[in-house]
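Take a look at the structure below.
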Amino acid sequence: MFLPKSEAKNLLPYLGPNKMRDCFCTINLDQEEVYRTQVVEKSLSPFFSEEFYFEIPRTFQYLSFYVYDKNVLQRDLRIGKVAIKKEDLCNHSGKETWFSLQPVDSNSEVQGKVHLELKLNELITENGTVCQQLLVHIKACHGLPLINGQSCDPYATVSLVGPSRNDQKKTKVKKKTSNPQFNEIFYFEVTRSSSYTRKSQFQVEEEDIEKLEIRIDLWNNGNLVQDIFLGEIKVPVNVLRNDSSHQAWYLLQPRDNGNKSSKTDDLGSLRLNICYTEDYVLPSEYYGPLKTLLLKSPDVQPVSASAAYILGEMCRDKNDAVLPLVRLLLHHDKLVPFATAVAELDLKDTQDANTIFRGNSLATRCLDEMMKIVGGHYLKVTLKPILDEICESSKSCEIDPIKLKEGDNVENNKENLRYYVDKLFSTIIKSSMSCPTVMCDIFYSLRQMAAQRFPNDPHVQYSAVSSFVFLRFFAVAVVSPHTFHLRPHHPDAQTVRTLTLISKTIQTLGSWGSLSKSKSSFKETFMCEFFKMFQEEGYIIAVKKFLDEISSTETKESSGTSEPVHLKEGEMYKRAQGRTRIGKKNFKKRWFCLTSRELTYHKQPGKDAIYTIPVKNILAVEKLEESSFNKKNMFQVIHTEKPLYVQANNCVEANEWIDVLCRVSRCNQNRLSFYHPSAYLNGSWLCCQETSESALGCKPCTAGVPADIQIDIDEDRETERIYSLFTLSLLKLQKMEEACGTIAVYQGPQKEPDDYSNFVIEDSVTTFKTIQQIKSIIEKLDEPHEKYRKKRSSSAKYGSKENPIGKTS
């Protein structure tokens with residue numbers, strides 16, 4: 001799932017004199033929040049300008065987006081929402097769409113499913129009359145929402161509803177669980193006892209059974225406050241028409257209260273661009289031919305006839321192809337020659353040295369993704385300490401006279417801004433030893449090719465490199481530190497403005513042309529004046545030296561590569577080590593940090609570690625059953641001491657932590673083959689009731705066989721994604737194939753050039769051959785996928801837990 005930049009417009013204003021709102025947006029899987037944007041202050045048309053990519057770790061019904069009004073003193077106000085059914089996501093994928101915000105009604109905020117059994121019995125009474133009795137067995141629920149971040153206290157009401165009756169019963173309350181096991185049976189009279197010879201006024205006629213239904217309402221017990229509605233299901237009694245027993249899982253539905261707002265459009269709109277993919281990954285042996293064909297791409301002459309380049313041509317207007325392609329080529333050390341070849345193709349079409357690598361081509365997109373993947377640690381060691389200082393100091397750096405606040409001193413602000421720019425610039429130009437080798441190798445190739453393409457321009461060899469490392473790497477990370485995991489939270493509006501000014505200056509400082517020609521590209525007068533402070537010979541020499549160093553093929557010192565790599569960090573809750581008491585105080589909020597060497601947690605970011613687990617000591621990382629502590633999204637890090645029990649903030653974060661911890665430790669010696677899925681409490685394991693704390697686990701570990709983790713990648717998954725993209729592009733492949741035939745026969749396009757004039761075809765014969773290979777491989781992969789689709793459609797019975805009633809597809 002990839003969610004690019006979004007914005008809202010025409011939000012409902014306040015009724016008072018101050019009509020503006022401080023807005024933010026959340027992304028939810030059903031009712032579980034998995035992402036929150038920054039707060040945009042004083043706006044009714046906020047532009048959030050954020051991207052979020054995440055893997056969906058569980059089943060869900062709706063992907064929802066809530067727009068909130070931030071309230072400092074009270075609970076944040078939900079202005080409206082956009083809820084998209086899972087089945088409809090593919091219809092919106094890759095499209096930019098404005099959605100009308102819908103009202104947020106607590107009666108419509110539902111998720112989860114109910115396991116229900118119905119039976120119809122005939123009873124003969126003492127006087128010989130017959131009545132029918134309905135047995136309702138409410139067995140369990142699964143996937144109920146969190147209430148205020150905690151598992152709910154659910155109970156159910158069970159009602160038999162008809163034209164003139166509403167008999168209601170109630171289950172017991174289950175404490176602190178999203179998956180309650182009720183196992184309660186209720187009995188209802190469907191027809192009342194009567195004589196065969198005389199009809200009673202209380203008798204329900206046989207045909208009235210068609211009008212009866214069982215209604216199950218789920219509630220969260222509020223104790224001292226009002227109970228919260230969690231959802232309902234309605235089952236007509238006539239499901240038993242042909243059978244005496246009916247058993248099925250049902251999806252909870254919103255309450256049909258008929259009170260839908262007639263002023264929906266007044267709430268405003270939210271613009272979204274969602275990229276949603278759902279792939280089935282086959283066993284590794286199926287992907288060999290496609291992988292081999294893609295990995296040969298750097299060696300194909302010309303590169304435009306290679307499978308990897310053709311994939312980029314098929315998805316020219318999308319980013320879908322770039323990420324799996326870059327990851328696969330990186331994993332097999334093939335990205336540098338491929339990126340060099342496609343960059344050379346870019347240079348052939350570049351007529352002006354000032355526009356070198358400024359477009360959104362396959363080459364530039366590949367390099368952008370490569371820098372994001374391999375440059376994370378480089379950004380952390382270079383930028384993070386200074387960004388922390390900027391975000392935590394809150395010094396004013398505004399130098400635009402129009403935006404100055406009352407009491408601001410523009411000269412002081414200018415000095416603050418210069419201090420930050422100088423400090424950041426100094427750190428960057430001294431960081432060449434930390435620059436990843438892959439980046440240096442590509443920068444070296446770009447520099448050589450640029451100098452060869454424009455031999456009369458002495459600056460172009462530097463601008464070819466600076467256009468990536470400054471413009472597309474450092475400057476972007478400075479202005480969006482949260483996107484690159486350099487900051488745990490979004491900066492406030494003033495800090496965002498400071499970071500924007502710093503980013504603009506750093507970007508221009510790194511531009512060799514702006515420095516060497518003693519002019520800048522700033523349109524704003526105040527920025528031009530500010531930049532004059534940096535137009536000195538020392539800055540030019542420093543930039544040139546830095547660009548020389550990061551575009552060199554010389555071997556780096558070993559100390560540069562032996563530093564631990566920062567993999568992930570964030571705030572979570574951990575259970576106190578070595579304690580037996582149970583309760584809220586047993587879980588404490590901590591800041592976790594994982595490097596390639598150790599997992600640590602701290603009281604706050606930047607503070608000394610309270611506890612450290614060397615990565616080499618991790619024996620397994622697994623999910624922890626919710627029943628252990630009645631908490632969702634928990635996992636356990638099993639190491640040589642006591643297991644560390646951790647609760648993540650949501651299912652996406654839990655899945656990401658488990659994945660990265662498994663990958664970094666999967667080659668460890670003495671890894672466990674079995675583990676306990678529940679905790680050891682009160683003298684026994686909750687899962688298997690073994691009393692010995694050192695007892696062998698009762699469930700096989702889920703981590704696979706040790707693999708090459710040089711880069712965090714599942715190559716089968718990436719290849720499956722590429723297969724899916726080729727499958728979606730079969731029509732374009734067919735047109736490209738026809739274009740190759742036309743060019744080969746007529747030595748160039750003769751008729752209807754619009755069909756293929758957008759394709760780059762340098763060698764029609766080689767391109768035609770590659771397309772034939774792609775089509776052949778895709779056809780062979782289609783067969784096992786079709787078998788899987790048929791198996792999936794027939795294996796999950798409608799009404800099963802995997803395919804509950806109420807699902808729309």
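Order determines the names: the first chain of the structure tokens is A, the second B, and so forth; residues in each chain are numbered 1 upward, and ligands are numbered 1 upward as they are shown.
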Show me, as a list in words, the residues that have an atom within 6 Å of stretch 92-104 of chain A when counting only C-alpha atoms, minus same-chain residues fewer than 2 positions from it. Gly80, Lys81, Val82, Leu89, Cys90, Thr264, Leu267, Gly268, Ser269, Leu270, Arg271, Leu272, Asn273, Ile274, Cys275 and Tyr276 of chain A
- Item | Neighbour list for A:Gln636 as an MDAnalysis selection string, cut-off 10 Å, only C-alpha atoms, skip fewer than 6 positions in-chain | chainID A and resid 574 620:625 643:647 658 676:679
Written file, previous selection with N, CA and C atoms, as an mmCIF file, in the first residue's frame:
```cif
data_model
loop_
_atom_site.group_PDB
_atom_site.id
_atom_site.type_symbol
_atom_site.label_atom_id
_atom_site.label_comp_id
_atom_site.auth_asym_id
_atom_site.auth_seq_id
_atom_site.Cartn_x
_atom_site.Cartn_y
_atom_site.Cartn_z
ATOM 1 N N LYS A 574 6.836 -1.690 26.653
ATOM 2 C CA LYS A 574 7.469 -2.969 26.976
ATOM 3 C C LYS A 574 7.049 -3.382 28.382
ATOM 4 N N ALA A 620 14.840 -15.803 18.696
ATOM 5 C CA ALA A 620 13.614 -15.832 17.897
ATOM 6 C C ALA A 620 12.848 -14.539 18.135
ATOM 7 N N VAL A 621 12.039 -14.159 17.142
ATOM 8 C CA VAL A 621 11.142 -13.010 17.267
ATOM 9 C C VAL A 621 9.786 -13.467 16.745
ATOM 10 N N GLU A 622 8.777 -13.457 17.605
ATOM 11 C CA GLU A 622 7.468 -13.996 17.245
ATOM 12 C C GLU A 622 6.353 -13.138 17.823
ATOM 13 N N LYS A 623 5.158 -13.283 17.254
ATOM 14 C CA LYS A 623 3.982 -12.618 17.807
ATOM 15 C C LYS A 623 3.641 -13.227 19.167
ATOM 16 N N LEU A 624 2.964 -12.451 19.992
ATOM 17 C CA LEU A 624 2.518 -12.922 21.303
ATOM 18 C C LEU A 624 0.993 -12.888 21.317
ATOM 19 N N GLU A 625 0.387 -13.982 21.747
ATOM 20 C CA GLU A 625 -1.070 -14.065 21.740
ATOM 21 C C GLU A 625 -1.685 -12.989 22.617
ATOM 22 N N PRO A 643 12.465 -13.446 27.985
ATOM 23 C CA PRO A 643 11.855 -12.865 26.782
ATOM 24 C C PRO A 643 11.429 -11.423 27.037
ATOM 25 N N LEU A 644 11.612 -10.583 26.027
ATOM 26 C CA LEU A 644 11.174 -9.192 26.105
ATOM 27 C C LEU A 644 9.819 -9.101 25.423
ATOM 28 N N TYR A 645 8.782 -8.701 26.168
ATOM 29 C CA TYR A 645 7.436 -8.584 25.630
ATOM 30 C C TYR A 645 7.170 -7.116 25.282
ATOM 31 N N VAL A 646 6.789 -6.865 24.024
ATOM 32 C CA VAL A 646 6.659 -5.499 23.524
ATOM 33 C C VAL A 646 5.294 -5.325 22.858
ATOM 34 N N GLN A 647 4.680 -4.158 23.078
ATOM 35 C CA GLN A 647 3.429 -3.815 22.403
ATOM 36 C C GLN A 647 3.667 -2.630 21.475
ATOM 37 N N ILE A 658 8.678 -6.918 13.761
ATOM 38 C CA ILE A 658 8.924 -8.370 13.715
ATOM 39 C C ILE A 658 9.745 -8.716 12.483
ATOM 40 N N HIS A 676 7.062 -20.483 22.623
ATOM 41 C CA HIS A 676 5.775 -20.419 23.318
ATOM 42 C C HIS A 676 5.013 -19.194 22.804
ATOM 43 N N PRO A 677 3.837 -19.390 22.201
ATOM 44 C CA PRO A 677 3.087 -18.239 21.667
ATOM 45 C C PRO A 677 2.450 -17.369 22.743
ATOM 46 N N SER A 678 2.399 -17.868 23.994
ATOM 47 C CA SER A 678 1.868 -17.071 25.102
ATOM 48 C C SER A 678 2.955 -16.836 26.143
ATOM 49 N N ALA A 679 2.626 -16.035 27.134
ATOM 50 C CA ALA A 679 3.611 -15.643 28.146
ATOM 51 C C ALA A 679 3.697 -16.679 29.266
#
```
Applying 10 Å and only C-alpha atoms, which residues near A:Phe526 remain after dropping the ones on its own chain fewer than 6 positions away? List them as a tab-separated table (two decimals) with N, CA, C and O atoms, in the first residue's frame.
```tsv
chain	number	residue	atom	x	y	z
A	399	ILE	N	12.93	34.84	7.52
A	399	ILE	CA	13.59	36.02	6.97
A	399	ILE	C	12.75	36.69	5.89
A	399	ILE	O	13.20	37.66	5.27
A	400	ASP	N	11.56	36.17	5.65
A	400	ASP	CA	10.65	36.80	4.69
A	400	ASP	C	9.92	37.95	5.41
A	400	ASP	O	9.17	37.70	6.36
A	401	PRO	N	10.14	39.18	5.00
A	401	PRO	CA	9.52	40.33	5.70
A	401	PRO	C	8.00	40.21	5.81
A	401	PRO	O	7.41	40.67	6.79
```
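You can rank A:Met527, A:Ile550, A:Cys688, A:Thr483 by their closest distance to A:Thr508 using only C-alpha atoms, and at the top of that list sits A:Met527.
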### Message
For A:Ile228, find every residue with an atom within 12 Å (counting only C-alpha atoms), except residues of its own chain fewer than 6 positions away, and show them as a PyMOL selection string.
### Response
chain A and resi 105-110+145-148+152-156+217-222
Now that the selection is made, can you save its residues with N, CA, C and O atoms as a PDB file, in the first residue's frame?
```pdb
ATOM      1  N   ASP A 105     -20.226   8.884  12.382  1.00  0.00           N
ATOM      2  CA  ASP A 105     -21.289   8.503  13.312  1.00  0.00           C
ATOM      3  C   ASP A 105     -20.813   7.269  14.059  1.00  0.00           C
ATOM      4  O   ASP A 105     -20.415   6.280  13.450  1.00  0.00           O
ATOM      5  N   SER A 106     -20.850   7.322  15.385  1.00  0.00           N
ATOM      6  CA  SER A 106     -20.361   6.184  16.172  1.00  0.00           C
ATOM      7  C   SER A 106     -21.098   4.900  15.831  1.00  0.00           C
ATOM      8  O   SER A 106     -20.562   3.797  15.984  1.00  0.00           O
ATOM      9  N   ASN A 107     -22.339   5.010  15.328  1.00  0.00           N
ATOM     10  CA  ASN A 107     -23.099   3.819  14.960  1.00  0.00           C
ATOM     11  C   ASN A 107     -22.596   3.172  13.673  1.00  0.00           C
ATOM     12  O   ASN A 107     -23.009   2.074  13.325  1.00  0.00           O
ATOM     13  N   SER A 108     -21.730   3.872  12.925  1.00  0.00           N
ATOM     14  CA  SER A 108     -21.219   3.301  11.677  1.00  0.00           C
ATOM     15  C   SER A 108     -19.760   2.861  11.788  1.00  0.00           C
ATOM     16  O   SER A 108     -19.201   2.323  10.847  1.00  0.00           O
ATOM     17  N   GLU A 109     -19.139   3.095  12.950  1.00  0.00           N
ATOM     18  CA  GLU A 109     -17.731   2.757  13.132  1.00  0.00           C
ATOM     19  C   GLU A 109     -17.620   1.317  13.631  1.00  0.00           C
ATOM     20  O   GLU A 109     -17.537   1.069  14.834  1.00  0.00           O
ATOM     21  N   VAL A 110     -17.652   0.369  12.727  1.00  0.00           N
ATOM     22  CA  VAL A 110     -17.682  -1.037  13.136  1.00  0.00           C
ATOM     23  C   VAL A 110     -16.562  -1.824  12.477  1.00  0.00           C
ATOM     24  O   VAL A 110     -16.072  -1.464  11.410  1.00  0.00           O
ATOM     25  N   PRO A 145     -12.832  -3.734  17.619  1.00  0.00           N
ATOM     26  CA  PRO A 145     -11.894  -2.598  17.613  1.00  0.00           C
ATOM     27  C   PRO A 145     -11.301  -2.313  18.989  1.00  0.00           C
ATOM     28  O   PRO A 145     -11.823  -2.748  20.020  1.00  0.00           O
ATOM     29  N   LEU A 146     -10.215  -1.565  18.968  1.00  0.00           N
ATOM     30  CA  LEU A 146      -9.670  -1.009  20.204  1.00  0.00           C
ATOM     31  C   LEU A 146     -10.516   0.189  20.612  1.00  0.00           C
ATOM     32  O   LEU A 146     -11.001   0.936  19.761  1.00  0.00           O
ATOM     33  N   ILE A 147     -10.694   0.381  21.893  1.00  0.00           N
ATOM     34  CA  ILE A 147     -11.409   1.548  22.409  1.00  0.00           C
ATOM     35  C   ILE A 147     -10.406   2.391  23.192  1.00  0.00           C
ATOM     36  O   ILE A 147      -9.858   1.947  24.194  1.00  0.00           O
ATOM     37  N   ASN A 148     -10.146   3.585  22.667  1.00  0.00           N
ATOM     38  CA  ASN A 148      -9.143   4.484  23.278  1.00  0.00           C
ATOM     39  C   ASN A 148      -7.796   3.781  23.414  1.00  0.00           C
ATOM     40  O   ASN A 148      -7.094   3.914  24.421  1.00  0.00           O
ATOM     41  N   CYS A 152     -11.379  -3.844  24.179  1.00  0.00           N
ATOM     42  CA  CYS A 152     -12.669  -3.454  24.739  1.00  0.00           C
ATOM     43  C   CYS A 152     -13.187  -4.480  25.752  1.00  0.00           C
ATOM     44  O   CYS A 152     -12.592  -5.544  25.945  1.00  0.00           O
ATOM     45  N   ASP A 153     -14.292  -4.128  26.405  1.00  0.00           N
ATOM     46  CA  ASP A 153     -15.002  -5.021  27.335  1.00  0.00           C
ATOM     47  C   ASP A 153     -16.341  -5.371  26.680  1.00  0.00           C
ATOM     48  O   ASP A 153     -17.383  -4.775  26.993  1.00  0.00           O
ATOM     49  N   PRO A 154     -16.355  -6.320  25.753  1.00  0.00           N
ATOM     50  CA  PRO A 154     -17.551  -6.516  24.937  1.00  0.00           C
ATOM     51  C   PRO A 154     -18.607  -7.397  25.591  1.00  0.00           C
ATOM     52  O   PRO A 154     -18.326  -8.261  26.423  1.00  0.00           O
ATOM     53  N   TYR A 155     -19.846  -7.133  25.207  1.00  0.00           N
ATOM     54  CA  TYR A 155     -20.961  -8.035  25.495  1.00  0.00           C
ATOM     55  C   TYR A 155     -21.912  -7.951  24.314  1.00  0.00           C
ATOM     56  O   TYR A 155     -21.807  -7.040  23.471  1.00  0.00           O
ATOM     57  N   ALA A 156     -22.850  -8.882  24.221  1.00  0.00           N
ATOM     58  CA  ALA A 156     -23.789  -8.913  23.109  1.00  0.00           C
ATOM     59  C   ALA A 156     -25.215  -8.955  23.631  1.00  0.00           C
ATOM     60  O   ALA A 156     -25.501  -9.578  24.665  1.00  0.00           O
ATOM     61  N   ASP A 217     -26.450  -7.489  18.642  1.00  0.00           N
ATOM     62  CA  ASP A 217     -25.781  -6.190  18.777  1.00  0.00           C
ATOM     63  C   ASP A 217     -24.598  -6.347  19.722  1.00  0.00           C
ATOM     64  O   ASP A 217     -24.747  -6.870  20.834  1.00  0.00           O
ATOM     65  N   LEU A 218     -23.420  -5.889  19.272  1.00  0.00           N
ATOM     66  CA  LEU A 218     -22.211  -5.928  20.107  1.00  0.00           C
ATOM     67  C   LEU A 218     -21.991  -4.562  20.737  1.00  0.00           C
ATOM     68  O   LEU A 218     -22.112  -3.522  20.072  1.00  0.00           O
ATOM     69  N   TRP A 219     -21.639  -4.568  22.028  1.00  0.00           N
ATOM     70  CA  TRP A 219     -21.433  -3.328  22.771  1.00  0.00           C
ATOM     71  C   TRP A 219     -20.145  -3.410  23.585  1.00  0.00           C
ATOM     72  O   TRP A 219     -19.744  -4.495  24.001  1.00  0.00           O
ATOM     73  N   ASN A 220     -19.550  -2.257  23.793  1.00  0.00           N
ATOM     74  CA  ASN A 220     -18.453  -2.159  24.750  1.00  0.00           C
ATOM     75  C   ASN A 220     -19.025  -1.631  26.051  1.00  0.00           C
ATOM     76  O   ASN A 220     -19.664  -0.573  26.091  1.00  0.00           O
ATOM     77  N   ASN A 221     -18.807  -2.376  27.128  1.00  0.00           N
ATOM     78  CA  ASN A 221     -19.335  -1.992  28.429  1.00  0.00           C
ATOM     79  C   ASN A 221     -18.625  -0.734  28.930  1.00  0.00           C
ATOM     80  O   ASN A 221     -17.415  -0.729  29.143  1.00  0.00           O
ATOM     81  N   GLY A 222     -19.362   0.341  29.125  1.00  0.00           N
ATOM     82  CA  GLY A 222     -18.754   1.615  29.501  1.00  0.00           C
ATOM     83  C   GLY A 222     -18.589   1.814  30.983  1.00  0.00           C
ATOM     84  O   GLY A 222     -18.052   2.831  31.411  1.00  0.00           O
TER      85      GLY A 222
END
```
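Every residue of stretch 8-45 of chain A with a DSSP assignment of strand (DSSP E), taken from the backbone, is listed as Ala8, Lys9, Arg21, Asp22, Cys23, Phe24, Cys25, Thr26, Ile27, Asn28, Leu29, Glu32, Glu33, Val34, Tyr35, Arg36, Val40, Glu41, Lys42 and Ser43 of chain A.
Compared by their closest atoms to A:Pro298, and using only C-alpha atoms, the residues A:Trp591, A:Ala341, A:Pro283, A:Asn319 rank with A:Ala341 nearest.
The neighbours of A:Phe65 here are the residues that come within 8 Å of it, using only C-alpha atoms and leaving out any residue fewer than 6 positions away in the same chain; they are A:Cys25, A:Thr26, A:Ile27, A:Asn28, A:Lys81, A:Val82, A:Ala83.
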Resulting file, chosen residues, C-alpha atoms, as an mmCIF file, in the first residue's frame:
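Contents of part-v3.cif, as written:
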```
data_model
loop_
_atom_site.group_PDB
_atom_site.id
_atom_site.type_symbol
_atom_site.label_atom_id
_atom_site.label_comp_id
_atom_site.auth_asym_id
_atom_site.auth_seq_id
_atom_site.Cartn_x
_atom_site.Cartn_y
_atom_site.Cartn_z
ATOM 1 C CA CYS A 25 -5.454 13.296 8.799
ATOM 2 C CA THR A 26 -5.180 9.686 9.971
ATOM 3 C CA ILE A 27 -5.090 6.434 8.008
ATOM 4 C CA ASN A 28 -6.955 3.514 9.561
ATOM 5 C CA LYS A 81 -14.060 10.536 6.921
ATOM 6 C CA VAL A 82 -13.540 8.633 3.683
ATOM 7 C CA ALA A 83 -14.032 4.867 4.012
#
```
As a check of understanding: the span from atom CA of A:Tyr419 to atom CA of A:Asp608 is 27.4 Å
